[in-house]
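Student: Just passing along the structure, written as C-alpha cells.
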Amino acid sequence: ADMFPLIAEIVKSVKSECLVVAGGPHAATRSDALFDDPNIDLVVPLEGEETFADIVDDVLKGGRGHHIPGVEWQTGRHRGQSSARPFIANLDDIEFPDYEGIDIDAYQLHLTMTGLRPKGRAVSLFTTRGCYFHCTYCHDHFGKKVRQRSLDNVYAEMELLMTKYGVTEFQIVDDIFNADRSRAIRF
C-alpha cells in the first residue's frame with residue numbers, strides 16, 4: 001500500500017495519459033489517500049478479476065472505465081462510483097493466475113502474512129472468499145458470505161504449482177478457512 005502512490009506517480013510521469021487503477025486490500029478500505037492521489041484514476045475496492053478485465057476492454061475501445069460496474073473514482077472533491085458489481089458466485093470460474101508472468105522466486109525468503117518464513121518454495125493460495133462474521137475491525141473485501149472453490153479446483157492449482165513450478169509449501173490465506181469444518185477436514 002505504501003508503494004502504490006509512488007508507482008502511480010512514476011507511471012504518470014512516464015506516460016501521463018495512462019489509466020492507473022488501484023485494487024486489492026488497500027483499495028478495499030476505500031482510503032481517502034487513494035482517492036486524493038491525482039495519479040490514481042480508478043479504484044476497484046472489491047473483487048477485481050471481472051472488473052479489471054472489463055476496464056481493459058473499455059480502454060481498448062477508447063473508454064476510460066468509469067461506467068464499468070464495481071469502479072469508483074474522485075474528480076476534484078466529488079467521489080463517484082459506477083453501479084455495484086455482485087461478488088463472483090462460482091469461484092471455480094476464475095482462471096488460475098498466469099504463473100508464467102510471476103517471478104515466484106522474488107517472493108521467497110520473506111515473512112508471510114502469518115509471520116512465518118517458509119522453508120521451501122512457497123505461494124499464497126485462496127480456497128474460499130468471504131466470512132460470515134461481522135467483526136467491526138475486519139475488512140469486507142470478499143463479503144459476509146463464505147464462497148468456496150471446489151476442492152478439485154484447489155487441488156488442480158496446487159498440482160500445477162508443484163509439478164510445473166516446484167512449489168513445496170502453500171500458505172492458505174482464506175478469511176476463514178475452517179468456516180465449513182467438514183470441508184476443512186476433507187482438505
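Every chain in the C-alpha cells takes a letter, A first, then B, and so on in the order presented; its residues are numbered from 1, and the ligands are numbered from 1 following the presented order.
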Can you pull out every residue within 8 Å of range 38-46 of chain A, counting only C-alpha atoms, but drop anything in the same chain fewer than 4 positions away, and send it as a PyMOL selection string?
Tutor: chain A and resi 5+8-9+12+19-30+34+51-52+65-66+70-74+141-142
Student: Any chance you could list, as a PyMOL selection string, the residues in range 46-120 of chain A that come up helix (DSSP H, G or I) when DSSP is run on the backbone?
Tutor: chain A and resi 49-60+91-93+99-101+104-107
Student: Name all residues at most 9 Å from Pro118 in chain A (count only C-alpha atoms; drop same-chain ones fewer than 3 positions away) and give them as an MDAnalysis selection string.
Tutor: chainID A and resid 108:112 121:122 169:171
Student: Which value, in Å to one decimal, gives the distance between CA of Asp175 in chain A and CA of Glu47 in chain A?
Tutor: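 These atoms are spaced 14.0 Å apart.
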Student: For Lys145 in chain A, list every protein, DNA or RNA residue within 6 Å, evaluated using only C-alpha atoms, and leave out those in the same chain fewer than 6 positions away; present the list as a PyMOL selection string.
Tutor: chain A and resi 130-132
Student: Those same residues - C-alpha atoms - I'd like them written as a PDB file, in the first residue's frame.
Tutor:
```
ATOM      1  CA  GLY A 130     -15.666 -14.137   2.479  1.00  0.00           C
ATOM      2  CA  CYS A 131     -16.594 -14.649   6.106  1.00  0.00           C
ATOM      3  CA  TYR A 132     -19.997 -14.852   7.753  1.00  0.00           C
TER       4      TYR A 132
END
```
Student: Find the spatial neighbours of Asn178 in chain A, counting only C-alpha atoms, within a cut-off of 10 Å - ignore same-chain residues fewer than 6 positions away - and output them as a ChimeraX atom specification.
Tutor: /A:128,184-185
Student: Generate a file of the selected residues that holds N, CA, C and O atoms, formatted as a PDB file, in the first residue's frame.
Tutor:
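Saved to result06.pdb:
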```
ATOM      1  N   THR A 128     -11.242 -20.176  -0.326  1.00  0.00           N
ATOM      2  CA  THR A 128     -12.573 -19.600  -0.143  1.00  0.00           C
ATOM      3  C   THR A 128     -12.435 -18.082  -0.166  1.00  0.00           C
ATOM      4  O   THR A 128     -11.330 -17.540  -0.075  1.00  0.00           O
ATOM      5  N   ALA A 184     -12.931 -28.453   5.555  1.00  0.00           N
ATOM      6  CA  ALA A 184     -11.554 -28.282   6.043  1.00  0.00           C
ATOM      7  C   ALA A 184     -10.921 -29.627   6.370  1.00  0.00           C
ATOM      8  O   ALA A 184      -9.752 -29.859   6.043  1.00  0.00           O
ATOM      9  N   ILE A 185     -11.697 -30.511   6.978  1.00  0.00           N
ATOM     10  CA  ILE A 185     -11.163 -31.846   7.307  1.00  0.00           C
ATOM     11  C   ILE A 185     -10.900 -32.643   6.036  1.00  0.00           C
ATOM     12  O   ILE A 185      -9.862 -33.302   5.919  1.00  0.00           O
TER      13      ILE A 185
END
```
Student: Please, which residues in range 108-180 of chain A fall within 12 Å of range 91-100 of chain A when counting only C-alpha atoms, and what is the closest atom pair and distance in Å to one decimal for each, ordered by chain then residue number, as a tab-separated table?
Tutor:
```
residue	atom	partner	partner_atom	distance
A:Val123	CA	A:Tyr99	CA	10.7
A:Ser124	CA	A:Pro97	CA	11.6
A:Leu125	CA	A:Phe96	CA	10.4
A:Phe126	CA	A:Leu91	CA	10.0
A:Thr127	CA	A:Leu91	CA	8.8
A:Thr128	CA	A:Leu91	CA	7.9
A:Arg129	CA	A:Leu91	CA	8.3
A:Gly130	CA	A:Leu91	CA	11.3
A:Phe142	CA	A:Leu91	CA	11.5
A:Val146	CA	A:Leu91	CA	10.8
A:Arg147	CA	A:Leu91	CA	7.2
A:Gln148	CA	A:Leu91	CA	6.5
A:Arg149	CA	A:Leu91	CA	5.2
A:Ser150	CA	A:Asp92	CA	6.7
A:Leu151	CA	A:Asp92	CA	9.6
A:Asp152	CA	A:Asp92	CA	9.4
A:Asn153	CA	A:Asp92	CA	6.4
A:Val154	CA	A:Asp92	CA	8.6
A:Tyr155	CA	A:Asp92	CA	11.6
A:Ala156	CA	A:Phe96	CA	9.5
A:Glu157	CA	A:Phe96	CA	6.9
A:Met158	CA	A:Phe96	CA	10.3
A:Glu159	CA	A:Phe96	CA	11.9
A:Leu160	CA	A:Tyr99	CA	9.6
A:Leu161	CA	A:Tyr99	CA	8.4
A:Met162	CA	A:Tyr99	CA	11.9
A:Lys164	CA	A:Tyr99	CA	9.6
A:Tyr165	CA	A:Tyr99	CA	8.4
A:Gly166	CA	A:Tyr99	CA	11.9
A:Val167	CA	A:Tyr99	CA	11.5
```
Student: Deliver the residues from the most recent selection as a file, using N, CA, C and O atoms, as a short mmCIF file (atom, residue, chain, number, x, y, z; two decimals), in the first residue's frame.
Tutor:
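And here's again_37.cif as it stands now:
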```
data_model
loop_
_atom_site.label_atom_id
_atom_site.label_comp_id
_atom_site.auth_asym_id
_atom_site.auth_seq_id
_atom_site.Cartn_x
_atom_site.Cartn_y
_atom_site.Cartn_z
N VAL A 123 3.91 -20.38 -2.02
CA VAL A 123 2.99 -19.41 -2.59
C VAL A 123 1.76 -19.30 -1.69
O VAL A 123 1.47 -20.20 -0.91
N SER A 124 1.05 -18.19 -1.81
CA SER A 124 -0.21 -18.00 -1.11
C SER A 124 -1.34 -18.53 -1.98
O SER A 124 -1.26 -18.48 -3.21
N LEU A 125 -2.40 -19.01 -1.32
CA LEU A 125 -3.49 -19.62 -2.04
C LEU A 125 -4.80 -19.36 -1.31
O LEU A 125 -4.88 -19.52 -0.10
N PHE A 126 -5.82 -18.92 -2.06
CA PHE A 126 -7.17 -18.79 -1.52
C PHE A 126 -7.96 -20.04 -1.88
O PHE A 126 -7.91 -20.49 -3.03
N THR A 127 -8.69 -20.61 -0.93
CA THR A 127 -9.60 -21.72 -1.24
C THR A 127 -11.05 -21.27 -1.06
O THR A 127 -11.95 -21.93 -1.55
N THR A 128 -11.24 -20.18 -0.33
CA THR A 128 -12.57 -19.60 -0.14
C THR A 128 -12.44 -18.08 -0.17
O THR A 128 -11.33 -17.54 -0.07
N ARG A 129 -13.57 -17.42 -0.24
CA ARG A 129 -13.62 -15.97 -0.09
C ARG A 129 -14.79 -15.63 0.81
O ARG A 129 -15.85 -16.25 0.73
N GLY A 130 -14.60 -14.62 1.62
CA GLY A 130 -15.67 -14.14 2.48
C GLY A 130 -15.65 -14.78 3.85
O GLY A 130 -14.93 -15.74 4.12
N PHE A 142 -14.24 -9.41 0.58
CA PHE A 142 -14.87 -10.55 -0.09
C PHE A 142 -16.28 -10.82 0.39
O PHE A 142 -16.87 -11.85 0.09
N VAL A 146 -19.58 -16.86 2.91
CA VAL A 146 -18.44 -17.68 2.51
C VAL A 146 -18.75 -18.35 1.17
O VAL A 146 -19.77 -19.01 1.02
N ARG A 147 -17.86 -18.12 0.20
CA ARG A 147 -17.94 -18.77 -1.10
C ARG A 147 -16.72 -19.67 -1.25
O ARG A 147 -15.61 -19.26 -0.90
N GLN A 148 -16.92 -20.87 -1.74
CA GLN A 148 -15.84 -21.86 -1.77
C GLN A 148 -15.48 -22.27 -3.18
O GLN A 148 -16.36 -22.42 -4.03
N ARG A 149 -14.19 -22.46 -3.40
CA ARG A 149 -13.76 -23.17 -4.59
C ARG A 149 -13.98 -24.65 -4.33
O ARG A 149 -13.88 -25.10 -3.18
N SER A 150 -14.25 -25.42 -5.37
CA SER A 150 -14.34 -26.87 -5.16
C SER A 150 -12.96 -27.37 -4.79
O SER A 150 -11.94 -26.81 -5.21
N LEU A 151 -12.91 -28.43 -4.01
CA LEU A 151 -11.60 -28.96 -3.63
C LEU A 151 -10.85 -29.47 -4.85
O LEU A 151 -9.63 -29.33 -4.93
N ASP A 152 -11.56 -30.02 -5.85
CA ASP A 152 -10.89 -30.46 -7.08
C ASP A 152 -10.20 -29.29 -7.77
O ASP A 152 -9.09 -29.43 -8.30
N ASN A 153 -10.83 -28.11 -7.76
CA ASN A 153 -10.25 -26.92 -8.36
C ASN A 153 -9.00 -26.49 -7.60
O ASN A 153 -7.97 -26.16 -8.20
N VAL A 154 -9.08 -26.51 -6.27
CA VAL A 154 -7.92 -26.14 -5.44
C VAL A 154 -6.78 -27.12 -5.67
O VAL A 154 -5.63 -26.72 -5.87
N TYR A 155 -7.10 -28.44 -5.67
CA TYR A 155 -6.06 -29.45 -5.88
C TYR A 155 -5.40 -29.29 -7.24
O TYR A 155 -4.19 -29.48 -7.38
N ALA A 156 -6.19 -28.95 -8.27
CA ALA A 156 -5.62 -28.78 -9.61
C ALA A 156 -4.61 -27.63 -9.63
O ALA A 156 -3.54 -27.74 -10.25
N GLU A 157 -4.93 -26.53 -8.94
CA GLU A 157 -3.98 -25.42 -8.90
C GLU A 157 -2.74 -25.81 -8.11
O GLU A 157 -1.61 -25.49 -8.52
N MET A 158 -2.92 -26.51 -7.02
CA MET A 158 -1.78 -26.94 -6.21
C MET A 158 -0.88 -27.89 -7.02
O MET A 158 0.35 -27.76 -6.99
N GLU A 159 -1.50 -28.82 -7.73
CA GLU A 159 -0.71 -29.76 -8.53
C GLU A 159 0.07 -29.03 -9.62
O GLU A 159 1.25 -29.32 -9.86
N LEU A 160 -0.57 -28.07 -10.29
CA LEU A 160 0.13 -27.26 -11.29
C LEU A 160 1.35 -26.57 -10.66
O LEU A 160 2.45 -26.61 -11.22
N LEU A 161 1.15 -25.96 -9.52
CA LEU A 161 2.24 -25.24 -8.86
C LEU A 161 3.37 -26.17 -8.42
O LEU A 161 4.54 -25.82 -8.50
N MET A 162 3.00 -27.35 -7.96
CA MET A 162 4.04 -28.30 -7.52
C MET A 162 4.81 -28.89 -8.70
O MET A 162 6.04 -28.94 -8.68
N LYS A 164 4.86 -27.95 -12.11
CA LYS A 164 5.46 -27.05 -13.11
C LYS A 164 6.40 -26.01 -12.51
O LYS A 164 7.33 -25.56 -13.15
N TYR A 165 6.14 -25.64 -11.23
CA TYR A 165 6.90 -24.53 -10.64
C TYR A 165 7.67 -24.90 -9.38
O TYR A 165 8.27 -24.04 -8.75
N GLY A 166 7.65 -26.17 -9.01
CA GLY A 166 8.45 -26.62 -7.88
C GLY A 166 8.02 -26.10 -6.52
O GLY A 166 8.82 -26.06 -5.58
N VAL A 167 6.77 -25.71 -6.38
CA VAL A 167 6.26 -25.21 -5.10
C VAL A 167 6.12 -26.38 -4.14
O VAL A 167 5.61 -27.44 -4.49
#
```
Student: If you run DSSP on the backbone, which residues of range 36-148 of chain A are strand (DSSP E or B), as a ChimeraX atom specification?
Tutor: /A:42-44,72-75,78-81,122-125,128-129,147-148
Student: How many Å lie between CA of His67 in chain A and CA of Asp36 in chain A, rounded to one decimal?
Tutor: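 CA of His67 in chain A sits 20.0 Å away from CA of Asp36 in chain A.
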